[in-house]
$ cat my_file-v1.pdb   # PDB, C-alpha atoms, pLDDT in the B column
ATOM      1  CA  MET A 865      -7.107 -33.797   4.826  1.00 56.00           C
ATOM      2  CA  ALA A 866      -4.904 -30.700   4.715  1.00 68.00           C
ATOM      3  CA  GLN A 867      -5.735 -27.935   7.162  1.00 85.00           C
ATOM      4  CA  LYS A 868      -7.238 -24.817   5.618  1.00 91.00           C
ATOM      5  CA  LYS A 869      -5.017 -21.747   5.369  1.00 94.00           C
ATOM      6  CA  SER A 870      -6.374 -18.972   7.592  1.00 96.00           C
ATOM      7  CA  ILE A 871      -6.856 -15.494   6.147  1.00 97.00           C
ATOM      8  CA  VAL A 872      -7.516 -12.057   7.656  1.00 97.00           C
ATOM      9  CA  ILE A 873      -8.834  -9.239   5.428  1.00 97.00           C
ATOM     10  CA  VAL A 874      -7.990  -5.601   6.184  1.00 97.00           C
ATOM     11  CA  ASP A 875      -9.956  -3.129   4.040  1.00 94.00           C
ATOM     12  CA  ASP A 876     -12.207  -0.220   5.025  1.00 91.00           C
ATOM     13  CA  HIS A 877     -14.954  -1.071   2.502  1.00 91.00           C
ATOM     14  CA  PRO A 878     -17.369  -3.763   3.822  1.00 92.00           C
ATOM     15  CA  LEU A 879     -18.730  -4.544   0.351  1.00 92.00           C
ATOM     16  CA  PHE A 880     -15.258  -5.126  -1.043  1.00 92.00           C
ATOM     17  CA  ARG A 881     -14.406  -7.376   1.900  1.00 94.00           C
ATOM     18  CA  GLU A 882     -17.569  -9.322   1.126  1.00 94.00           C
ATOM     19  CA  GLY A 883     -16.453  -9.674  -2.476  1.00 94.00           C
ATOM     20  CA  LEU A 884     -13.052 -10.986  -1.384  1.00 94.00           C
ATOM     21  CA  ARG A 885     -14.716 -13.531   0.907  1.00 94.00           C
ATOM     22  CA  SER A 886     -16.839 -14.723  -1.994  1.00 94.00           C
ATOM     23  CA  ILE A 887     -13.775 -15.200  -4.210  1.00 94.00           C
ATOM     24  CA  ILE A 888     -11.837 -16.986  -1.461  1.00 95.00           C
ATOM     25  CA  SER A 889     -14.771 -19.342  -0.816  1.00 93.00           C
ATOM     26  CA  ARG A 890     -14.255 -20.819  -4.300  1.00 91.00           C
ATOM     27  CA  ASN A 891     -11.152 -22.581  -3.000  1.00 90.00           C
ATOM     28  CA  THR A 892     -11.798 -24.918  -0.073  1.00 87.00           C
ATOM     29  CA  GLY A 893      -8.166 -24.683   0.967  1.00 92.00           C
ATOM     30  CA  TYR A 894      -8.660 -21.223   2.493  1.00 95.00           C
ATOM     31  CA  LYS A 895     -10.802 -19.829   5.290  1.00 95.00           C
ATOM     32  CA  VAL A 896     -11.412 -16.189   6.269  1.00 96.00           C
ATOM     33  CA  VAL A 897     -11.049 -16.047  10.058  1.00 97.00           C
ATOM     34  CA  GLY A 898     -11.308 -12.298  10.608  1.00 96.00           C
ATOM     35  CA  GLU A 899     -11.883  -8.870   9.071  1.00 97.00           C
ATOM     36  CA  ALA A 900     -10.843  -5.335   9.986  1.00 96.00           C
ATOM     37  CA  GLY A 901     -11.617  -1.885   8.599  1.00 94.00           C
ATOM     38  CA  THR A 902      -8.610   0.021   9.998  1.00 93.00           C
ATOM     39  CA  GLY A 903      -4.906  -0.541  10.369  1.00 92.00           C
ATOM     40  CA  ARG A 904      -5.106  -0.568  14.166  1.00 93.00           C
ATOM     41  CA  GLU A 905      -7.852  -3.195  14.156  1.00 96.00           C
ATOM     42  CA  GLY A 906      -5.957  -5.174  11.533  1.00 95.00           C
ATOM     43  CA  LEU A 907      -2.778  -5.297  13.618  1.00 94.00           C
ATOM     44  CA  GLU A 908      -4.683  -6.325  16.754  1.00 95.00           C
ATOM     45  CA  LEU A 909      -6.519  -9.048  14.840  1.00 96.00           C
ATOM     46  CA  ALA A 910      -3.342 -10.323  13.228  1.00 96.00           C
ATOM     47  CA  LEU A 911      -1.527 -10.587  16.557  1.00 95.00           C
ATOM     48  CA  ALA A 912      -4.504 -12.340  18.140  1.00 96.00           C
ATOM     49  CA  LEU A 913      -5.214 -14.832  15.344  1.00 96.00           C
ATOM     50  CA  LYS A 914      -1.743 -15.250  13.786  1.00 96.00           C
ATOM     51  CA  PRO A 915      -3.213 -16.120  10.362  1.00 96.00           C
ATOM     52  CA  ASP A 916      -1.313 -17.763   7.531  1.00 96.00           C
ATOM     53  CA  LEU A 917      -2.167 -14.902   5.171  1.00 96.00           C
ATOM     54  CA  ILE A 918      -3.348 -11.298   5.460  1.00 97.00           C
ATOM     55  CA  LEU A 919      -4.925  -9.307   2.626  1.00 97.00           C
ATOM     56  CA  ILE A 920      -4.254  -5.589   3.092  1.00 96.00           C
ATOM     57  CA  ASP A 921      -5.453  -2.514   1.229  1.00 93.00           C
ATOM     58  CA  ILE A 922      -2.868   0.284   0.951  1.00 89.00           C
ATOM     59  CA  SER A 923      -5.371   3.099   1.614  1.00 85.00           C
ATOM     60  CA  LEU A 924      -6.671   2.616   5.142  1.00 89.00           C
ATOM     61  CA  PRO A 925      -8.342   5.406   7.149  1.00 86.00           C
ATOM     62  CA  ASP A 926      -5.809   5.549   9.994  1.00 87.00           C
ATOM     63  CA  LYS A 927      -2.507   4.464   8.456  1.00 87.00           C
ATOM     64  CA  SER A 928      -0.916   3.274   5.239  1.00 88.00           C
ATOM     65  CA  GLY A 929      -1.322  -0.407   4.438  1.00 91.00           C
ATOM     66  CA  ILE A 930       2.399  -0.411   3.673  1.00 89.00           C
ATOM     67  CA  THR A 931       3.133   0.718   7.226  1.00 90.00           C
ATOM     68  CA  LEU A 932       0.785  -1.978   8.525  1.00 93.00           C
ATOM     69  CA  THR A 933       2.558  -4.573   6.381  1.00 93.00           C
ATOM     70  CA  ARG A 934       5.884  -3.589   7.890  1.00 90.00           C
ATOM     71  CA  GLU A 935       4.486  -3.789  11.433  1.00 92.00           C
ATOM     72  CA  ILE A 936       2.935  -7.199  10.861  1.00 93.00           C
ATOM     73  CA  ARG A 937       6.017  -8.678   9.216  1.00 90.00           C
ATOM     74  CA  CYS A 938       8.180  -7.461  12.106  1.00 87.00           C
ATOM     75  CA  ARG A 939       5.980  -9.278  14.631  1.00 90.00           C
ATOM     76  CA  LEU A 940       4.699 -12.233  12.604  1.00 91.00           C
ATOM     77  CA  SER A 941       7.540 -13.323  10.357  1.00 87.00           C
ATOM     78  CA  GLU A 942       5.702 -16.470   9.187  1.00 90.00           C
ATOM     79  CA  THR A 943       2.547 -14.623   8.082  1.00 94.00           C
ATOM     80  CA  ARG A 944       2.353 -13.833   4.367  1.00 94.00           C
ATOM     81  CA  VAL A 945       0.987 -10.460   3.242  1.00 95.00           C
ATOM     82  CA  LEU A 946      -0.828  -9.943  -0.047  1.00 95.00           C
ATOM     83  CA  ILE A 947      -1.570  -6.323  -0.966  1.00 93.00           C
ATOM     84  CA  ILE A 948      -4.951  -5.667  -2.639  1.00 91.00           C
ATOM     85  CA  SER A 949      -4.918  -2.093  -3.921  1.00 87.00           C
ATOM     86  CA  MET A 950      -6.411   0.305  -6.440  1.00 83.00           C
ATOM     87  CA  HIS A 951      -2.919   1.771  -6.924  1.00 79.00           C
ATOM     88  CA  SER A 952      -0.863   0.396  -9.814  1.00 75.00           C
ATOM     89  CA  LYS A 953       2.076   2.818  -9.748  1.00 74.00           C
ATOM     90  CA  ILE A 954       5.540   1.348  -9.491  1.00 73.00           C
ATOM     91  CA  ASP A 955       6.307   3.380  -6.370  1.00 73.00           C
ATOM     92  CA  TYR A 956       3.502   1.752  -4.385  1.00 79.00           C
ATOM     93  CA  ILE A 957       4.447  -1.702  -5.645  1.00 82.00           C
ATOM     94  CA  ALA A 958       8.129  -1.297  -4.801  1.00 79.00           C
ATOM     95  CA  GLU A 959       7.347   0.034  -1.315  1.00 81.00           C
ATOM     96  CA  ALA A 960       4.916  -2.799  -0.648  1.00 84.00           C
ATOM     97  CA  PHE A 961       7.511  -5.472  -1.406  1.00 83.00           C
ATOM     98  CA  GLN A 962      10.211  -3.578   0.494  1.00 82.00           C
ATOM     99  CA  ALA A 963       7.890  -3.503   3.513  1.00 85.00           C
ATOM    100  CA  GLY A 964       7.604  -7.278   3.444  1.00 88.00           C
ATOM    101  CA  ALA A 965       4.615  -8.041   1.212  1.00 90.00           C
ATOM    102  CA  THR A 966       4.931 -11.199  -0.863  1.00 89.00           C
ATOM    103  CA  GLY A 967       2.164 -10.439  -3.355  1.00 89.00           C
ATOM    104  CA  TYR A 968       0.415  -7.495  -5.044  1.00 91.00           C
ATOM    105  CA  VAL A 969      -2.982  -7.582  -6.766  1.00 90.00           C
ATOM    106  CA  VAL A 970      -4.882  -4.644  -8.279  1.00 87.00           C
ATOM    107  CA  LYS A 971      -8.466  -4.431  -7.018  1.00 85.00           C
ATOM    108  CA  GLU A 972     -10.039  -4.308 -10.472  1.00 83.00           C
ATOM    109  CA  SER A 973      -8.509  -7.672 -11.366  1.00 80.00           C
ATOM    110  CA  ALA A 974      -8.974  -9.316  -7.948  1.00 84.00           C
ATOM    111  CA  SER A 975     -11.704 -11.623  -9.256  1.00 85.00           C
ATOM    112  CA  ASN A 976      -9.176 -13.222 -11.615  1.00 82.00           C
ATOM    113  CA  GLY A 977      -5.879 -12.774  -9.807  1.00 86.00           C
ATOM    114  CA  LEU A 978      -6.633 -13.208  -6.109  1.00 92.00           C
ATOM    115  CA  LEU A 979      -6.699 -17.013  -5.929  1.00 92.00           C
ATOM    116  CA  ARG A 980      -3.576 -17.283  -8.097  1.00 90.00           C
ATOM    117  CA  GLY A 981      -1.900 -14.813  -5.775  1.00 91.00           C
ATOM    118  CA  LEU A 982      -2.901 -16.745  -2.667  1.00 93.00           C
ATOM    119  CA  GLU A 983      -1.654 -20.027  -4.127  1.00 91.00           C
ATOM    120  CA  THR A 984       1.649 -18.457  -5.160  1.00 90.00           C
ATOM    121  CA  VAL A 985       2.499 -16.734  -1.860  1.00 90.00           C
ATOM    122  CA  THR A 986       1.367 -19.803   0.097  1.00 90.00           C
ATOM    123  CA  LYS A 987       4.122 -21.732  -1.686  1.00 87.00           C
ATOM    124  CA  GLY A 988       6.650 -19.138  -0.548  1.00 84.00           C
ATOM    125  CA  ASP A 989       6.981 -17.356  -3.894  1.00 85.00           C
ATOM    126  CA  TYR A 990       6.367 -13.716  -4.809  1.00 85.00           C
ATOM    127  CA  PHE A 991       3.288 -12.805  -6.817  1.00 87.00           C
ATOM    128  CA  LEU A 992       2.705  -9.775  -9.038  1.00 84.00           C
ATOM    129  CA  ASP A 993      -0.643  -9.257 -10.744  1.00 80.00           C
ATOM    130  CA  SER A 994      -0.254 -10.168 -14.424  1.00 72.00           C
ATOM    131  CA  SER A 995      -2.044  -6.941 -15.385  1.00 65.00           C
ATOM    132  CA  LEU A 996       0.877  -5.046 -13.817  1.00 65.00           C
ATOM    133  CA  SER A 997       3.873  -7.062 -14.921  1.00 59.00           C
ATOM    134  CA  HIS A 998       4.509  -5.502 -18.339  1.00 55.00           C
ATOM    135  CA  ALA A 999       3.992  -1.940 -17.105  1.00 57.00           C
ATOM    136  CA  VAL A1000       6.220  -2.466 -14.065  1.00 59.00           C
ATOM    137  CA  VAL A1001       9.086  -3.928 -16.080  1.00 49.00           C
ATOM    138  CA  GLU A1002       8.756  -1.135 -18.630  1.00 54.00           C
ATOM    139  CA  ASN A1003       8.935   1.493 -15.903  1.00 57.00           C
ATOM    140  CA  LEU A1004      11.922  -0.166 -14.269  1.00 46.00           C
ATOM    141  CA  LEU A1005      13.793  -0.258 -17.568  1.00 46.00           C
ATOM    142  CA  ASN A1006      13.082   3.429 -18.183  1.00 52.00           C
ATOM    143  CA  PHE A1007      13.518   4.657 -14.612  1.00 46.00           C
ATOM    144  CA  PRO A1008      16.284   7.345 -14.764  1.00 46.00           C
ATOM    145  CA  ILE A1009      19.286   6.729 -12.531  1.00 39.00           C
ATOM    146  CA  LYS A1010      19.302  10.363 -11.411  1.00 40.00           C
ATOM    147  CA  GLU A1011      15.676  10.173 -10.261  1.00 43.00           C
ATOM    148  CA  ALA A1012      16.302   6.875  -8.509  1.00 40.00           C
ATOM    149  CA  ARG A1013      19.090   8.580  -6.534  1.00 40.00           C
ATOM    150  CA  ILE A1014      16.740  11.415  -5.558  1.00 45.00           C
ATOM    151  CA  ARG A1015      14.264   8.865  -4.249  1.00 48.00           C
ATOM    152  CA  ASP A1016      16.877   6.939  -2.288  1.00 46.00           C
ATOM    153  CA  ASP A1017      18.511   9.947  -0.657  1.00 66.00           C
ATOM    154  CA  ASP A1018      15.781  12.543  -0.230  1.00 79.00           C
ATOM    155  CA  TYR A1019      12.412  10.813  -0.484  1.00 80.00           C
ATOM    156  CA  GLY A1020      13.806   7.914   1.511  1.00 77.00           C
ATOM    157  CA  SER A1021      14.679  10.303   4.358  1.00 84.00           C
ATOM    158  CA  LEU A1022      10.981  10.997   4.948  1.00 85.00           C
ATOM    159  CA  THR A1023       9.154   8.989   7.590  1.00 85.00           C
ATOM    160  CA  PRO A1024       6.285   6.717   6.381  1.00 79.00           C
ATOM    161  CA  ARG A1025       3.777   9.298   7.671  1.00 84.00           C
ATOM    162  CA  GLU A1026       5.587  12.137   5.860  1.00 88.00           C
ATOM    163  CA  GLN A1027       5.610  10.108   2.634  1.00 84.00           C
ATOM    164  CA  GLU A1028       1.881   9.530   3.004  1.00 84.00           C
ATOM    165  CA  ILE A1029       1.163  13.229   3.605  1.00 90.00           C
ATOM    166  CA  MET A1030       3.487  14.253   0.777  1.00 88.00           C
ATOM    167  CA  ARG A1031       1.467  12.162  -1.694  1.00 83.00           C
ATOM    168  CA  LEU A1032      -1.802  13.655  -0.497  1.00 85.00           C
ATOM    169  CA  LEU A1033      -0.426  17.201  -0.741  1.00 87.00           C
ATOM    170  CA  ALA A1034       0.859  16.489  -4.247  1.00 84.00           C
ATOM    171  CA  GLU A1035      -2.553  15.117  -5.217  1.00 78.00           C
ATOM    172  CA  GLY A1036      -4.109  18.441  -4.259  1.00 80.00           C
ATOM    173  CA  PHE A1037      -5.623  17.736  -0.841  1.00 82.00           C
ATOM    174  CA  SER A1038      -5.719  20.655   1.636  1.00 87.00           C
ATOM    175  CA  ASN A1039      -4.332  20.464   5.172  1.00 89.00           C
ATOM    176  CA  LYS A1040      -7.879  20.221   6.512  1.00 89.00           C
ATOM    177  CA  GLU A1041      -8.813  17.414   4.114  1.00 87.00           C
ATOM    178  CA  ILE A1042      -5.657  15.469   4.958  1.00 88.00           C
ATOM    179  CA  ALA A1043      -6.263  15.933   8.679  1.00 88.00           C
ATOM    180  CA  LYS A1044      -9.773  14.513   8.331  1.00 86.00           C
ATOM    181  CA  LYS A1045      -8.560  11.613   6.183  1.00 81.00           C
ATOM    182  CA  LEU A1046      -5.755  10.626   8.571  1.00 81.00           C
ATOM    183  CA  PHE A1047      -7.545  11.461  11.841  1.00 81.00           C
ATOM    184  CA  ILE A1048      -4.992  14.060  12.916  1.00 86.00           C
ATOM    185  CA  SER A1049      -5.171  17.827  13.450  1.00 90.00           C
ATOM    186  CA  PRO A1050      -4.584  20.408  10.670  1.00 90.00           C
ATOM    187  CA  LYS A1051      -1.731  21.779  12.800  1.00 93.00           C
ATOM    188  CA  THR A1052      -0.045  18.371  12.793  1.00 92.00           C
ATOM    189  CA  VAL A1053      -0.426  18.220   9.003  1.00 92.00           C
ATOM    190  CA  GLU A1054       1.151  21.680   8.700  1.00 93.00           C
ATOM    191  CA  ASN A1055       4.078  20.584  10.892  1.00 94.00           C
ATOM    192  CA  HIS A1056       4.599  17.513   8.705  1.00 93.00           C
ATOM    193  CA  ARG A1057       4.360  19.667   5.582  1.00 93.00           C
ATOM    194  CA  SER A1058       7.053  21.990   6.920  1.00 93.00           C
ATOM    195  CA  ASN A1059       9.324  19.037   7.704  1.00 94.00           C
ATOM    196  CA  ILE A1060       8.719  17.528   4.261  1.00 92.00           C
ATOM    197  CA  MET A1061       9.547  20.756   2.430  1.00 92.00           C
ATOM    198  CA  GLY A1062      12.691  21.196   4.532  1.00 91.00           C
ATOM    199  CA  LYS A1063      13.972  17.664   3.988  1.00 90.00           C
ATOM    200  CA  LEU A1064      13.340  17.820   0.231  1.00 89.00           C
ATOM    201  CA  GLY A1065      14.620  21.373  -0.184  1.00 89.00           C
ATOM    202  CA  LEU A1066      11.338  22.532  -1.738  1.00 88.00           C
ATOM    203  CA  HIS A1067       9.717  25.942  -1.362  1.00 86.00           C
ATOM    204  CA  SER A1068       6.244  25.739  -2.882  1.00 84.00           C
ATOM    205  CA  THR A1069       3.383  23.360  -3.593  1.00 81.00           C
ATOM    206  CA  ILE A1070       4.180  23.515  -7.316  1.00 80.00           C
ATOM    207  CA  GLU A1071       7.733  22.315  -6.625  1.00 82.00           C
ATOM    208  CA  LEU A1072       6.295  19.535  -4.470  1.00 85.00           C
ATOM    209  CA  VAL A1073       3.956  18.438  -7.264  1.00 81.00           C
ATOM    210  CA  ARG A1074       6.787  18.429  -9.808  1.00 79.00           C
ATOM    211  CA  TYR A1075       8.996  16.428  -7.469  1.00 82.00           C
ATOM    212  CA  ALA A1076       6.240  13.873  -6.843  1.00 80.00           C
ATOM    213  CA  ALA A1077       5.581  13.611 -10.580  1.00 74.00           C
ATOM    214  CA  ARG A1078       9.268  12.902 -11.303  1.00 73.00           C
ATOM    215  CA  LEU A1079       9.166  10.042  -8.831  1.00 73.00           C
ATOM    216  CA  GLY A1080       5.989   8.641 -10.348  1.00 67.00           C
ATOM    217  CA  LEU A1081       3.972   9.211  -7.171  1.00 70.00           C
ATOM    218  CA  ILE A1082       1.131  10.996  -8.949  1.00 65.00           C
ATOM    219  CA  ASP A1083      -0.392  11.061 -12.421  1.00 54.00           C
ATOM    220  CA  VAL A1084       0.885  14.148 -14.208  1.00 48.00           C
ATOM    221  CA  ASP A1085      -2.235  14.121 -16.398  1.00 47.00           C
ATOM    222  CA  LEU A1086      -4.317  15.001 -13.346  1.00 45.00           C
ATOM    223  CA  TRP A1087      -2.613  18.389 -13.231  1.00 45.00           C
ATOM    224  CA  LYS A1088      -3.001  19.299 -16.892  1.00 40.00           C
ATOM    225  CA  GLU A1089      -5.533  21.977 -17.747  1.00 36.00           C
TER     226      GLU A1089
END
$ encode --input "my_file-v1.pdb" --output "structure tokens"
Amino acid sequence: MAQKKSIVIVDDHPLFREGLRSIISRNTGYKVVGEAGTGREGLELALALKPDLILIDISLPDKSGITLTREIRCRLSETRVLIISMHSKIDYIAEAFQAGATGYVVKESASNGLLRGLETVTKGDYFLDSSLSHAVVENLLNFPIKEARIRDDDYGSLTPREQEIMRLLAEGFSNKEIAKKLFISPKTVENHRSNIMGKLGLHSTIELVRYAARLGLIDVDLWKE
């Protein structure tokens, strides 16, 4: 009898982790061996258990799931990472795969796509949620070369933490709100904001929002009156 594939779940919502466990239990070939609610706990658990697969949410309370994916893949090259996220924007998806993820599933379709994703990445292949595929290809085909260059040169010069804070600023969060969300001080957020604006050559929040919108980091509709 084949040995069960071990899985660690990293998500800050206990009820969602419970839902993932329930889905995984439908296939006797997998076994959840650990759970974590933060990136730090997730990394410690991964290094201790060395699971075959890790399910990671992008939005964790202490760090980006993309950053965690990169850290895990650097230390555990044989462990497969499957991102489970509410985000369906091409930017998040591209970053996740660039960080070393081998699969991406949107939370709202996890009940249908999770097991397919696990089976696919277990075989060594990449998996992209079928609900995303058409939209992702469409965006890639229509992604302007000029904007892609901006992303590579300027946005790419930001550190992972600066990219995370940039998104939150563009989404309308205040320094205080970001500090609380990321467990850092408002002063640290302000320092990051200053560095971000300098690296991108921006001078106001409006310019930052427009820049983020061009890169597809935020929904422009959220800013319409």
$ closest_residue --input "my_file-v1.pdb" --among "A:Asn976, A:Ser952, A:Ser1058, A:Ser1021" --to "A:Leu884" --atoms "all atoms listed in the file"
A:Asn976
$ atom_distance --input "my_file-v1.pdb" --atom1 "atom CA of A:Ile873" --atom2 "atom CA of A:Gly901"
8.5 Å
$ resolve_selection --input "my_file-v1.pdb" --expression "the PyMOL selection byres ((chain A and resi 913) around 9)" --output "list in words"
Ser870, Val872, Val897, Gly898, Glu908, Leu909, Ala910, Leu911, Ala912, Lys914 and Pro915 of chain A
$ resolve_selection --input "my_file-v1.pdb" --expression "the PyMOL selection byres ((chain A and resi 1053) around 12)" --output "ChimeraX atom specification"
/A:1025-1030,1032-1033,1037-1052,1054-1060
$ resolve_selection --input "my_file-v1.pdb" --expression "the PyMOL selection byres ((chain A and resi 961) around 12)" --output "number ranges by chain"
A: 929-931, 933-934, 937, 944-947, 954-960, 962-969, 990-992
$ atom_distance --input "my_file-v1.pdb" --atom1 "atom CA of A:Ser949" --atom2 "atom CA of A:Gln867"
28.1 Å
$ atom_distance --input "my_file-v1.pdb" --atom1 "atom CA of A:Leu932" --atom2 "atom CA of A:Val896"
18.9 Å
$ closest_residue --input "my_file-v1.pdb" --among "A:Arg890, A:Lys953, A:Lys1063, A:His877" --to "A:Pro925" --atoms "all atoms listed in the file"
A:His877
$ axis_aligned_box --input "my_file-v1.pdb" --around "stretch 901-905 of chain A" --padding-each-side "8 Å" --output "JSON"
{"center_x": -8.3, "center_y": -1.6, "center_z": 11.4, "size_x": 22.7, "size_y": 19.2, "size_z": 21.6}
$ residues_around --input "my_file-v1.pdb" --residues "A:Ile1070" --least-positions-apart "5" --cutoff "12 Å" --atoms "only C-alpha atoms" --output "list of chain:residue names"
A:Leu1033, A:Ala1034, A:Glu1035, A:Gly1036, A:Met1061, A:Tyr1075, A:Ala1076, A:Ala1077, A:Trp1087
$ closest_residue --input "my_file-v1.pdb" --among "A:Ser923, A:Glu942, A:Asp989, A:Arg885" --to "A:Arg1031" --atoms "only C-alpha atoms"
A:Ser923
$ residues_near_point --input "my_file-v1.pdb" --point "(-3.9, -11.1, -6.2)" --cutoff "7 Å" --atoms "all atoms listed in the file" --output "JSON, numbers by chain"
{"A": [946, 948, 967, 968, 969, 970, 974, 977, 978, 979, 980, 981, 982, 993]}
$ build_atoms --input "my_file-v1.pdb" --residues "stretch 923-937 of chain A" --atoms "N, CA and C atoms" --output "short mmCIF file (atom, residue, chain, number, x, y, z; two decimals), in the coordinates of the input"
data_model
loop_
_atom_site.label_atom_id
_atom_site.label_comp_id
_atom_site.auth_asym_id
_atom_site.auth_seq_id
_atom_site.Cartn_x
_atom_site.Cartn_y
_atom_site.Cartn_z
N SER A 923 -4.71 1.89 1.13
CA SER A 923 -5.37 3.10 1.61
C SER A 923 -6.35 2.77 2.74
N LEU A 924 -5.85 2.84 3.96
CA LEU A 924 -6.67 2.62 5.14
C LEU A 924 -6.92 3.96 5.82
N PRO A 925 -8.00 4.11 6.58
CA PRO A 925 -8.34 5.41 7.15
C PRO A 925 -7.38 5.94 8.20
N ASP A 926 -6.66 5.07 8.90
CA ASP A 926 -5.81 5.55 9.99
C ASP A 926 -4.31 5.42 9.73
N LYS A 927 -3.93 4.59 8.78
CA LYS A 927 -2.51 4.46 8.46
C LYS A 927 -2.36 3.80 7.09
N SER A 928 -1.18 3.91 6.53
CA SER A 928 -0.92 3.27 5.24
C SER A 928 -0.85 1.75 5.40
N GLY A 929 -1.40 1.05 4.42
CA GLY A 929 -1.32 -0.41 4.44
C GLY A 929 0.11 -0.89 4.34
N ILE A 930 0.98 -0.06 3.76
CA ILE A 930 2.40 -0.41 3.67
C ILE A 930 3.03 -0.38 5.06
N THR A 931 2.65 0.64 5.84
CA THR A 931 3.13 0.72 7.23
C THR A 931 2.63 -0.48 8.03
N LEU A 932 1.37 -0.83 7.83
CA LEU A 932 0.78 -1.98 8.52
C LEU A 932 1.51 -3.26 8.13
N THR A 933 1.82 -3.39 6.85
CA THR A 933 2.56 -4.57 6.38
C THR A 933 3.89 -4.70 7.10
N ARG A 934 4.58 -3.58 7.21
CA ARG A 934 5.88 -3.59 7.89
C ARG A 934 5.74 -4.00 9.36
N GLU A 935 4.71 -3.47 10.02
CA GLU A 935 4.49 -3.79 11.43
C GLU A 935 4.16 -5.27 11.63
N ILE A 936 3.32 -5.79 10.75
CA ILE A 936 2.94 -7.20 10.86
C ILE A 936 4.11 -8.13 10.59
N ARG A 937 4.89 -7.81 9.57
CA ARG A 937 6.02 -8.68 9.22
C ARG A 937 7.10 -8.66 10.30
#
